[in-house]
$ cat input23.cif   # mmCIF, C-alpha atoms
data_protein
#
loop_
_atom_site.label_atom_id
_atom_site.label_comp_id
_atom_site.auth_asym_id
_atom_site.auth_seq_id
_atom_site.Cartn_x
_atom_site.Cartn_y
_atom_site.Cartn_z
CA PHE A 548 -3.03 -23.91 -4.07
CA PHE A 549 -5.33 -21.98 -6.39
CA ARG A 550 -5.53 -22.61 -10.10
CA LEU A 551 -4.81 -19.66 -12.38
CA PRO A 552 -7.65 -18.92 -14.81
CA ASP A 553 -6.70 -19.84 -18.37
CA HIS A 554 -6.53 -16.20 -19.48
CA ALA A 555 -4.49 -15.00 -16.49
CA GLN A 556 -1.23 -13.16 -17.05
CA PRO A 557 1.16 -14.76 -14.54
CA GLU A 558 3.22 -11.59 -14.12
CA ALA A 559 0.09 -9.53 -13.44
CA VAL A 560 -0.77 -11.95 -10.64
CA ALA A 561 2.80 -12.11 -9.31
CA ALA A 562 3.40 -8.36 -9.49
CA LEU A 563 1.75 -7.64 -6.16
CA GLY A 564 2.63 -11.06 -4.79
CA CYS A 565 1.75 -11.46 -1.12
CA ALA A 566 1.28 -7.68 -0.78
CA LEU A 567 -2.21 -7.62 -2.26
CA PRO A 568 -3.46 -10.40 0.07
CA THR A 569 -1.87 -8.48 2.96
CA VAL A 570 -3.87 -5.36 2.12
CA LEU A 571 -7.07 -7.31 1.60
CA ARG A 572 -6.51 -8.87 5.02
CA GLY A 573 -5.90 -5.41 6.50
CA PHE A 574 -9.10 -3.91 5.13
CA ASP A 575 -11.02 -7.05 6.05
CA ARG A 576 -9.89 -6.83 9.68
CA CYS A 577 -9.67 -3.05 10.14
CA GLY A 578 -12.53 -1.87 7.94
CA PRO A 579 -12.70 -1.19 4.20
CA VAL A 580 -12.19 1.98 2.24
CA ARG A 581 -15.63 3.40 1.54
CA MET A 582 -16.96 5.38 -1.39
CA ASN A 583 -15.74 8.99 -1.27
CA ASP A 584 -13.16 8.39 1.48
CA GLY A 585 -9.98 10.43 1.51
CA VAL A 586 -7.02 8.05 1.80
CA VAL A 587 -3.32 8.53 2.49
CA VAL A 588 -0.84 5.71 1.88
CA GLN A 589 2.59 5.86 3.50
CA GLY A 590 4.97 4.00 1.22
CA ALA A 591 4.74 2.85 -2.38
CA GLY A 592 6.37 -0.55 -2.26
CA PRO A 593 4.20 -3.54 -3.16
CA VAL A 594 2.04 -3.17 -0.02
CA GLY A 595 1.53 0.55 -0.56
CA LEU A 596 0.79 0.04 -4.24
CA SER A 597 -1.74 -2.64 -3.33
CA ALA A 598 -3.42 -0.27 -0.85
CA THR A 599 -3.50 2.41 -3.54
CA LEU A 600 -5.08 0.01 -6.00
CA ILE A 601 -7.75 -1.18 -3.55
CA ALA A 602 -8.59 2.35 -2.39
CA ALA A 603 -8.98 3.60 -5.95
CA GLN A 604 -11.10 0.62 -6.95
CA ALA A 605 -13.29 1.14 -3.86
CA GLY A 606 -14.22 4.64 -5.00
CA ALA A 607 -12.03 6.82 -2.78
CA ARG A 608 -12.35 10.48 -3.74
CA ALA A 609 -8.61 10.98 -3.26
CA VAL A 610 -5.64 8.68 -2.75
CA ILE A 611 -2.46 10.49 -1.71
CA VAL A 612 0.73 8.41 -1.68
CA ILE A 613 3.99 9.30 0.09
CA ASP A 614 7.31 7.70 -0.90
CA GLY A 615 10.93 8.59 -1.55
CA LEU A 616 11.44 6.97 -4.96
CA PRO A 617 10.12 8.60 -8.16
CA ALA A 618 9.57 5.25 -9.91
CA ARG A 619 7.36 4.04 -7.08
CA LEU A 620 5.36 7.27 -7.05
CA GLU A 621 4.83 6.97 -10.79
CA ALA A 622 3.62 3.39 -10.34
CA ALA A 623 1.20 4.61 -7.66
CA ARG A 624 -0.24 7.16 -10.07
CA ARG A 625 -0.75 4.44 -12.68
CA LEU A 626 -2.68 2.37 -10.13
CA GLY A 627 -5.01 5.18 -9.09
CA ALA A 628 -3.20 7.66 -6.84
CA THR A 629 -4.65 11.13 -7.32
CA GLU A 630 -1.56 12.80 -5.87
CA THR A 631 1.91 11.81 -4.73
CA ILE A 632 4.28 13.46 -2.25
CA ALA A 633 8.03 12.88 -2.16
CA LEU A 634 9.79 12.19 1.12
CA ASP A 635 12.23 15.03 0.50
CA VAL A 636 9.29 17.37 1.16
CA PRO A 637 9.46 18.25 4.91
CA ALA A 638 6.95 16.48 7.15
CA GLU A 639 5.16 19.72 8.03
CA GLU A 640 4.69 20.49 4.34
CA ARG A 641 3.50 16.94 3.65
CA ARG A 642 0.81 17.41 6.29
CA ARG A 643 -0.18 20.79 4.86
CA ILE A 644 -0.56 19.28 1.38
CA VAL A 645 -2.70 16.42 2.70
CA TYR A 646 -5.04 18.74 4.58
CA ASP A 647 -5.22 21.23 1.71
CA ARG A 648 -6.36 18.44 -0.59
CA LEU A 649 -8.70 16.61 1.80
CA GLY A 650 -10.09 19.46 3.86
CA PRO A 651 -9.84 20.45 7.53
CA LEU A 652 -11.12 17.11 8.84
CA GLY A 653 -8.23 15.29 7.17
CA PRO A 654 -8.03 11.72 5.81
CA ASP A 655 -10.67 9.13 6.55
CA VAL A 656 -8.07 6.37 6.25
CA VAL A 657 -4.28 6.36 6.53
CA VAL A 658 -2.46 3.15 5.60
CA GLU A 659 1.06 2.56 6.92
CA ALA A 660 2.96 0.59 4.30
CA ALA A 661 6.39 2.13 4.78
CA GLY A 662 7.87 -0.41 7.18
CA VAL A 663 10.00 2.18 9.01
CA LEU A 664 9.32 3.27 12.58
CA PRO A 665 9.24 7.07 12.01
CA ALA A 666 6.23 6.54 9.73
CA PHE A 667 4.10 5.71 12.78
CA PRO A 668 4.01 9.09 14.57
CA GLU A 669 3.63 10.85 11.23
CA GLY A 670 0.71 8.58 10.37
CA VAL A 671 -0.99 9.44 13.65
CA ASP A 672 -0.42 13.12 12.93
CA LEU A 673 -1.77 12.81 9.38
CA SER A 674 -4.89 10.87 10.43
CA GLY A 675 -8.10 12.86 10.38
CA ASN A 676 -11.02 13.29 12.74
CA HIS A 677 -12.95 10.05 13.22
CA GLY A 678 -10.35 8.42 10.99
CA ARG A 679 -8.65 5.04 10.92
CA TYR A 680 -4.92 4.37 10.90
CA ILE A 681 -4.17 0.89 9.54
CA ILE A 682 -0.71 -0.55 10.27
CA LEU A 683 0.46 -3.08 7.68
CA GLY A 684 4.17 -2.49 7.11
CA LEU A 685 5.60 -2.32 10.62
CA TRP A 686 5.32 -6.00 11.55
CA GLY A 687 9.09 -6.44 11.16
CA ALA A 688 10.27 -3.11 12.62
CA ILE A 689 11.21 -3.63 16.26
CA GLY A 690 11.22 -0.56 18.46
CA THR A 691 9.05 2.24 19.79
CA GLN A 692 8.03 5.71 18.69
CA PRO A 693 6.50 8.54 20.72
CA ILE A 694 2.96 9.74 20.04
CA SER A 695 0.60 12.00 21.95
CA PRO A 696 -2.34 10.05 23.44
CA ARG A 697 -4.29 13.31 23.37
CA ASP A 698 -4.32 13.12 19.56
CA LEU A 699 -6.15 9.80 19.74
CA THR A 700 -8.92 11.19 21.94
CA LEU A 701 -9.34 14.54 20.21
CA LYS A 702 -9.55 12.87 16.81
CA ASN A 703 -11.61 9.87 17.93
CA LEU A 704 -8.90 7.97 16.09
CA THR A 705 -8.91 4.21 15.60
CA ILE A 706 -5.52 2.52 15.19
CA ALA A 707 -5.47 -1.13 14.09
CA GLY A 708 -3.10 -3.57 12.48
CA ALA A 709 -3.24 -6.83 10.60
CA THR A 710 -0.92 -9.50 9.29
CA PHE A 711 -0.93 -13.10 8.05
CA PRO A 712 -3.49 -13.14 5.19
CA LYS A 713 -5.84 -16.10 5.15
CA PRO A 714 -6.31 -18.39 2.15
CA LYS A 715 -9.42 -16.44 1.13
CA HIS A 716 -7.33 -13.28 0.78
CA TYR A 717 -4.93 -15.00 -1.61
CA TYR A 718 -7.89 -16.27 -3.61
CA GLN A 719 -9.45 -12.80 -3.72
CA ALA A 720 -6.13 -11.21 -4.73
CA LEU A 721 -5.60 -13.72 -7.53
CA HIS A 722 -8.99 -13.10 -9.09
CA LEU A 723 -8.84 -9.33 -8.57
CA ALA A 724 -5.51 -9.18 -10.40
CA VAL A 725 -6.92 -11.22 -13.28
CA ARG A 726 -9.98 -8.95 -13.52
CA LEU A 727 -7.81 -5.84 -13.63
CA GLN A 728 -4.89 -7.11 -15.72
CA ASP A 729 -6.21 -5.62 -18.98
CA ARG A 730 -7.24 -2.28 -17.44
CA LEU A 731 -4.23 -1.54 -15.27
CA PRO A 732 -0.50 -2.05 -15.95
CA LEU A 733 -0.04 -4.71 -13.29
CA ALA A 734 2.43 -6.81 -15.26
CA ASP A 735 4.53 -3.70 -15.91
CA LEU A 736 5.22 -3.44 -12.19
CA VAL A 737 7.75 -6.26 -12.67
CA SER A 738 10.87 -4.19 -13.17
CA HIS A 739 13.60 -6.84 -12.84
CA ARG A 740 13.93 -10.53 -13.69
CA PHE A 741 16.56 -12.87 -12.29
CA GLY A 742 17.52 -16.49 -12.75
CA ILE A 743 17.54 -18.87 -9.81
CA ALA A 744 21.32 -18.53 -9.50
CA GLN A 745 20.88 -14.75 -9.17
CA ALA A 746 18.44 -14.95 -6.26
CA ALA A 747 20.89 -13.31 -3.84
CA ASP A 748 21.36 -10.41 -6.27
CA ALA A 749 17.58 -10.04 -6.51
CA LEU A 750 17.28 -9.81 -2.72
CA ALA A 751 20.13 -7.31 -2.45
CA LEU A 752 18.68 -5.01 -5.12
CA THR A 753 15.23 -5.26 -3.60
CA GLN A 754 16.62 -4.30 -0.20
CA SER A 755 18.38 -1.30 -1.73
CA GLY A 756 15.09 0.09 -3.03
CA ALA A 757 16.32 0.09 -6.62
CA VAL A 758 13.75 -2.52 -7.65
CA LEU A 759 10.03 -1.94 -8.02
CA LYS A 760 9.25 -5.66 -8.26
CA ALA A 761 11.69 -8.50 -8.89
CA VAL A 762 10.76 -11.99 -10.00
CA ILE A 763 12.75 -15.20 -10.23
CA ASP A 764 12.40 -16.67 -13.71
CA PRO A 765 13.65 -20.30 -13.95
CA THR A 766 14.12 -19.91 -17.72
CA ILE A 767 16.92 -17.40 -17.19
CA GLY A 768 20.29 -19.15 -17.12
#
$ encode --input "input23.cif" --output "structure tokens"
Amino acid sequence: FFRLPDHAQPEAVAALGCALPTVLRGFDRCGPVRMNDGVVVQGAGPVGLSATLIAAQAGARAVIVIDGLPARLEAARRLGATETIALDVPAEERRRIVYDRLGPLGPDVVVEAAGVLPAFPEGVDLSGNHGRYIILGLWGAIGTQPISPRDLTLKNLTIAGATFPKPKHYYQALHLAVRLQDRLPLADLVSHRFGIAQAADALALTQSGAVLKAVIDPTIG
């Protein structure tokens, strides 16, 4: 348990929930975003939004976020994304946009936060020369996807994954959210509130993708 600072906004801390510790764990294990890096984030759910936030705060020169929901892409822009790409744009065009923006060497870092298996081969394809591909969202997706091993060697590509944040990552996330709560609209990421009796409805709406961030509020009858 960690004590909230007296001036903390609880919803700003809860908005990125366990997602922000997950991303901090990922960058801790797989290497951080460095100043002037070009970053691509696959997915703009809480994990993708957390990766966007951290990359922007770390001084990335560009943070490009890919997702299928306009509300999530708008949230990514509010947290520091320099560009967003909708999933209804064909994959070849998404790659062209990324390389047009970041240059012929491509992204320094690609973060998988989509949680769907087809994101993996696309992430490998998007990754740039001497880049890193960090897998954070696919821990629950069971299955395989084809990739070309040649891409890994030609690009000198590093692929790594991480899960299970440590207590220090929750502590860091808590205090980072409090530091940023007045500069960024973290609390506004909470799009839906449910009472305890409506918990099943909250889960169903979250699964449908209609919710940016849902919270259970015990004061709601």
$ resolve_selection --input "input23.cif" --expression "the PyMOL selection byres ((chain A and resi 720) around 12)" --output "PyMOL selection string"
chain A and resi 549+551+559-572+597-598+600-601+712-719+721-728
$ residues_around --input "input23.cif" --residues "region 586-595 of chain A" --least-positions-apart "2" --cutoff "7 Å" --atoms "all atoms listed in the file" --output "list in words"
Leu563, Ala566, Leu567, Val570, Asp584, Ser597, Ala598, Thr599, Ala607, Ala609, Val610, Ile611, Val612, Ile613, Asp614, Arg619, Leu620, Ala623, Pro654, Asp655, Val656, Val657, Val658, Glu659, Ala660, Ala661 and Leu759 of chain A
$ write_last_selection --input "input23.cif" --atoms "C-alpha atoms" --output "tab-separated table (two decimals), in the coordinates of the input"
chain	number	residue	atom	x	y	z
A	563	LEU	CA	1.75	-7.64	-6.16
A	566	ALA	CA	1.28	-7.68	-0.78
A	567	LEU	CA	-2.21	-7.62	-2.26
A	570	VAL	CA	-3.87	-5.36	2.12
A	584	ASP	CA	-13.16	8.39	1.48
A	597	SER	CA	-1.74	-2.64	-3.33
A	598	ALA	CA	-3.42	-0.27	-0.85
A	599	THR	CA	-3.50	2.41	-3.54
A	607	ALA	CA	-12.03	6.82	-2.78
A	609	ALA	CA	-8.61	10.98	-3.26
A	610	VAL	CA	-5.64	8.68	-2.75
A	611	ILE	CA	-2.46	10.49	-1.71
A	612	VAL	CA	0.73	8.41	-1.68
A	613	ILE	CA	3.99	9.30	0.09
A	614	ASP	CA	7.31	7.70	-0.90
A	619	ARG	CA	7.36	4.04	-7.08
A	620	LEU	CA	5.36	7.27	-7.05
A	623	ALA	CA	1.20	4.61	-7.66
A	654	PRO	CA	-8.03	11.72	5.81
A	655	ASP	CA	-10.67	9.13	6.55
A	656	VAL	CA	-8.07	6.37	6.25
A	657	VAL	CA	-4.28	6.36	6.53
A	658	VAL	CA	-2.46	3.15	5.60
A	659	GLU	CA	1.06	2.56	6.92
A	660	ALA	CA	2.96	0.59	4.30
A	661	ALA	CA	6.39	2.13	4.78
A	759	LEU	CA	10.03	-1.94	-8.02
$ resolve_selection --input "input23.cif" --expression "the PyMOL selection byres ((chain A and resi 708) around 8)" --output "VMD selection string"
chain A and resid 573 577 681 to 683 706 to 707 709 to 710
$ atom_distance --input "input23.cif" --atom1 "CA of Arg740 (chain A)" --atom2 "CA of His554 (chain A)"
22.0 Å
$ resolve_selection --input "input23.cif" --expression "the PyMOL selection byres ((chain A and resi 641) around 12)" --output "PyMOL selection string"
chain A and resi 587+589+611-614+630-640+642-648+669-670+672-673
$ atom_distance --input "input23.cif" --atom1 "CA of Val663 (chain A)" --atom2 "CA of Val758 (chain A)"
17.7 Å
$ closest_residue --input "input23.cif" --among "A:Asp698, A:Leu736, A:Leu649, A:Leu616" --to "Ser755 (chain A)" --atoms "only C-alpha atoms"
A:Leu616
$ atom_distance --input "input23.cif" --atom1 "CA of Ile767 (chain A)" --atom2 "CA of Ala622 (chain A)"
25.6 Å
$ closest_residue --input "input23.cif" --among "A:Gly768, A:Gly627, A:Pro693, A:Gly756" --to "Gly615 (chain A)" --atoms "all atoms listed in the file"
A:Gly756
$ closest_residue --input "input23.cif" --among "A:Pro552, A:Pro617, A:Gly585, A:Gly684" --to "Leu652 (chain A)" --atoms "all atoms listed in the file"
A:Gly585
$ closest_residue --input "input23.cif" --among "A:Gly662, A:Leu731, A:Thr691, A:Ser674" --to "Ala603 (chain A)" --atoms "all atoms listed in the file"
A:Leu731
$ closest_residue --input "input23.cif" --among "A:Arg697, A:Arg679, A:Arg624, A:Arg550" --to "Arg581 (chain A)" --atoms "only C-alpha atoms"
A:Arg679
$ closest_residue --input "input23.cif" --among "A:Ala555, A:Ala605, A:Leu699, A:Leu750" --to "Phe574 (chain A)" --atoms "only C-alpha atoms"
A:Ala605
$ build_atoms --input "input23.cif" --residues "region 602-626 of chain A" --atoms "N, CA, C and O atoms" --output "short mmCIF file (atom, residue, chain, number, x, y, z; two decimals), in the frame of the given file"
data_model
loop_
_atom_site.label_atom_id
_atom_site.label_comp_id
_atom_site.auth_asym_id
_atom_site.auth_seq_id
_atom_site.Cartn_x
_atom_site.Cartn_y
_atom_site.Cartn_z
N ALA A 602 -7.89 1.11 -2.72
CA ALA A 602 -8.59 2.35 -2.39
C ALA A 602 -9.21 2.99 -3.62
O ALA A 602 -10.36 3.45 -3.59
N ALA A 603 -8.44 3.01 -4.72
CA ALA A 603 -8.98 3.60 -5.95
C ALA A 603 -10.14 2.79 -6.48
O ALA A 603 -11.16 3.35 -6.91
N GLN A 604 -10.03 1.46 -6.45
CA GLN A 604 -11.10 0.62 -6.95
C GLN A 604 -12.34 0.71 -6.07
O GLN A 604 -13.46 0.50 -6.54
N ALA A 605 -12.16 1.04 -4.79
CA ALA A 605 -13.29 1.14 -3.86
C ALA A 605 -14.05 2.44 -4.00
O ALA A 605 -15.10 2.61 -3.38
N GLY A 606 -13.51 3.39 -4.78
CA GLY A 606 -14.22 4.64 -5.00
C GLY A 606 -13.77 5.78 -4.11
O GLY A 606 -14.52 6.75 -3.91
N ALA A 607 -12.55 5.71 -3.58
CA ALA A 607 -12.03 6.82 -2.78
C ALA A 607 -12.01 8.09 -3.62
O ALA A 607 -11.69 8.06 -4.81
N ARG A 608 -12.34 9.22 -3.00
CA ARG A 608 -12.35 10.48 -3.74
C ARG A 608 -10.94 11.00 -3.97
O ARG A 608 -10.69 11.78 -4.90
N ALA A 609 -10.01 10.59 -3.10
CA ALA A 609 -8.61 10.98 -3.26
C ALA A 609 -7.75 9.90 -2.63
O ALA A 609 -8.10 9.35 -1.58
N VAL A 610 -6.63 9.61 -3.28
CA VAL A 610 -5.64 8.68 -2.75
C VAL A 610 -4.28 9.36 -2.87
O VAL A 610 -3.77 9.55 -3.99
N ILE A 611 -3.73 9.77 -1.74
CA ILE A 611 -2.46 10.49 -1.71
C ILE A 611 -1.38 9.53 -1.21
O ILE A 611 -1.52 8.93 -0.13
N VAL A 612 -0.31 9.38 -1.98
CA VAL A 612 0.73 8.41 -1.68
C VAL A 612 2.04 9.13 -1.40
O VAL A 612 2.44 10.04 -2.13
N ILE A 613 2.72 8.71 -0.33
CA ILE A 613 3.99 9.30 0.09
C ILE A 613 5.10 8.26 -0.07
O ILE A 613 4.97 7.13 0.41
N ASP A 614 6.18 8.62 -0.75
CA ASP A 614 7.31 7.70 -0.90
C ASP A 614 8.53 8.51 -1.31
O ASP A 614 8.42 9.67 -1.75
N GLY A 615 9.70 7.90 -1.21
CA GLY A 615 10.93 8.59 -1.55
C GLY A 615 11.47 8.31 -2.93
O GLY A 615 12.43 8.97 -3.35
N LEU A 616 10.89 7.36 -3.66
CA LEU A 616 11.44 6.97 -4.96
C LEU A 616 10.50 7.37 -6.08
O LEU A 616 9.33 6.97 -6.10
N PRO A 617 10.98 8.15 -7.06
CA PRO A 617 10.12 8.60 -8.16
C PRO A 617 9.45 7.46 -8.93
O PRO A 617 8.29 7.58 -9.32
N ALA A 618 10.16 6.36 -9.14
CA ALA A 618 9.57 5.25 -9.91
C ALA A 618 8.38 4.65 -9.17
O ALA A 618 7.38 4.27 -9.78
N ARG A 619 8.47 4.57 -7.86
CA ARG A 619 7.36 4.04 -7.08
C ARG A 619 6.17 5.01 -7.10
O ARG A 619 5.01 4.58 -7.17
N LEU A 620 6.45 6.29 -7.01
CA LEU A 620 5.36 7.27 -7.05
C LEU A 620 4.66 7.25 -8.41
O LEU A 620 3.44 7.38 -8.50
N GLU A 621 5.43 7.07 -9.46
CA GLU A 621 4.83 6.97 -10.79
C GLU A 621 3.97 5.72 -10.90
O GLU A 621 2.86 5.76 -11.47
N ALA A 622 4.44 4.61 -10.34
CA ALA A 622 3.62 3.39 -10.34
C ALA A 622 2.34 3.61 -9.55
O ALA A 622 1.27 3.13 -9.95
N ALA A 623 2.40 4.33 -8.45
CA ALA A 623 1.20 4.61 -7.66
C ALA A 623 0.20 5.42 -8.47
O ALA A 623 -1.02 5.16 -8.42
N ARG A 624 0.68 6.37 -9.24
CA ARG A 624 -0.24 7.16 -10.07
C ARG A 624 -0.91 6.28 -11.12
O ARG A 624 -2.10 6.43 -11.41
N ARG A 625 -0.16 5.32 -11.66
CA ARG A 625 -0.75 4.44 -12.68
C ARG A 625 -1.81 3.52 -12.08
O ARG A 625 -2.71 3.07 -12.79
N LEU A 626 -1.72 3.26 -10.77
CA LEU A 626 -2.68 2.37 -10.13
C LEU A 626 -3.83 3.11 -9.47
O LEU A 626 -4.69 2.48 -8.86
#
